[in-house]
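Input: a single structure, listed below in structure tokens.
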Amino acid sequence: MILIEKTGVMNFEGALRGARNPMNSWARSDSKYDGKGRYVLGPNDLDLAKRLCKAGSDHRKFIRQIIVSVDITAPLYWWKEFDTYKVGTVANSTSTMHKIHAKPFEHADFSCEKLSKSAMEAFTAYMEFLELKRRHFVETKDKADWDDIIQLLPSSYNQKRTVTMNYENLLNMYFARRNHKLSEWREYCDWILTLPYTKDLFLDESENGDDQF
């Protein structure tokens, strides 16, 4: 499973202003804030942004200044792949080191919704053993129990992180992962296309709308 919430997109205005610096074309800017405080790109600015993105990475530098902040809850096996995108991203996570023992283990703490019946039975027994170790650690503070929990914690354990990144990061993730075997990646890429102007900037105008600029 993957849960994506509290999305914020910032600095469209600054990014588009900077995109006009090379040609001193600020007077052609026609974007403005609407009544809800959203920055709406005018036809001139949107056309420029699309042309710069289509021209390649050297020309689309402005999208690196469009910032996204979001809370993502996902299993450790997904975060392991996300962590390959280190450049330009920052994340603060909930701590397994400090808080893994703070609450009872339950199925909702893990991405186990696709397990077969027999696998779920085995996983439930495994989780109950982790819970036994957790309770014993809370009672005795025996570090051996804590070590057991940390080393036995499965990669399906869900972790929440607050992530900051930019549109260039998102573009790279989208085209690398949109057809991934993990459903979490496909859901994440679907979310990317819900962000302001990502379809305009990341996809061309072909019939299938699925080619990179």
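In the structure tokens, chains take the letters A, B, ... in the order shown, each chain's residues start at 1, and ligands count up from 1 in the order shown.
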Determine, using only C-alpha atoms, which residues of region 5-76 of chain A have any atom at most 10 Å from an atom of region 169-182 of chain A, and tabulate each with its shortest atom pair and distance in Å to one decimal place, rows ordered by chain and then rising number, as a Markdown table.
| residue | atom | partner | partner_atom | distance |
| --- | --- | --- | --- | --- |
| A:Ile63 | CA | A:Asn169 | CA | 9.2 |
| A:Arg64 | CA | A:Asn169 | CA | 7.7 |
| A:Ile67 | CA | A:Asn169 | CA | 9.8 |
| A:Val68 | CA | A:Leu170 | CA | 9.1 |
(message) From a backbone DSSP assignment, name each residue in chain A labelled helix (DSSP H, G or I), as a PyMOL selection string.
(response) chain A and resi 12-19+26-28+43-54+61-65+76-82+96-99+107-109+117-140+143-152+167-177+183-192+198-202
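Pairwise distance (CA of Val163 (chain A), CA of Ile2 (chain A)) equals 13.9 Å.
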(message) Calculated over only C-alpha atoms, which of the candidates A:Glu113, A:Glu168, A:Asp30, A:Asp145 has the smallest distance to Ile66 (chain A)?
(response) A:Glu168
(message) Just want the 9 Å neighbourhood of region 123-138 of chain A, counted on only C-alpha atoms, with same-chain residues fewer than 3 positions away dropped. Output as a list in words.
(response) Ile100, His101, Ala102, Lys103, Pro104, Phe105, Glu106, His107, Cys112, Leu115, Ser118, Ala119, Met120, Lys141, Asp142, Lys143, Ala144, Asp145, Trp146, Asp148, Ile149, Leu152 and Leu153 of chain A
(request) Mind the document's chain letters and residue numbers, and return as a ChimeraX atom specification the residues of region 10-201 of chain A that DSSP labels strand (DSSP E or B). (result) /A:10,32-33,39-40,67-75,90-93,110,157-166
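Pairwise distance (CA of Leu193 (chain A), CA of Val40 (chain A)) equals 16.7 Å.
Our summary of the geometry notes that CA of Thr73 (chain A) is positioned 23.9 Å from CA of Asp147 (chain A).
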(request) Name the closest residue to Glu13 (chain A) among the candidates A:Glu81, A:Asp204, A:Asp45, A:Asp58; distances are taken between atoms, counting only C-alpha atoms. (result) A:Asp45
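Among A:Thr140, A:Ser29, A:Thr7, A:Thr194, the residue with the shortest atom-to-atom distance to Thr164 (chain A), counting only C-alpha atoms, is A:Thr7.
The nearest approach to Glu5 (chain A) among the residues A:Arg20, A:Lys86, A:Arg161, A:Lys114, with only C-alpha atoms taken into account, belongs to A:Arg161.
Comparing A:Leu203, A:Cys189, A:Ala74, A:Leu195 by their smallest distance to Ser155 (chain A), the closest is A:Ala74 (using only C-alpha atoms).
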(message) Report as a ChimeraX atom specification all protein, DNA and RNA residues lying within 12 Å of Gly37 (chain A), evaluated on only C-alpha atoms, omitting residues in the same chain fewer than 4 positions from it.
(response) /A:9-10,13,32-33
Save the residues we just selected, N, CA and C atoms, as an mmCIF file, in the first residue's frame?
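Resulting contents of again-v4.cif:
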data_model
loop_
_atom_site.group_PDB
_atom_site.id
_atom_site.type_symbol
_atom_site.label_atom_id
_atom_site.label_comp_id
_atom_site.auth_asym_id
_atom_site.auth_seq_id
_atom_site.Cartn_x
_atom_site.Cartn_y
_atom_site.Cartn_z
ATOM 1 N N VAL A 9 2.576 22.358 -3.366
ATOM 2 C CA VAL A 9 3.417 22.718 -4.514
ATOM 3 C C VAL A 9 3.722 24.205 -4.429
ATOM 4 N N MET A 10 5.000 24.555 -4.517
ATOM 5 C CA MET A 10 5.436 25.926 -4.244
ATOM 6 C C MET A 10 6.375 26.457 -5.318
ATOM 7 N N GLU A 13 5.642 30.753 -9.367
ATOM 8 C CA GLU A 13 5.873 32.131 -9.779
ATOM 9 C C GLU A 13 7.364 32.420 -9.949
ATOM 10 N N LYS A 32 -1.053 34.621 -13.107
ATOM 11 C CA LYS A 32 -1.539 35.373 -11.953
ATOM 12 C C LYS A 32 -2.149 34.407 -10.942
ATOM 13 N N TYR A 33 -2.378 34.894 -9.736
ATOM 14 C CA TYR A 33 -3.038 34.117 -8.688
ATOM 15 C C TYR A 33 -4.553 34.247 -8.837
#
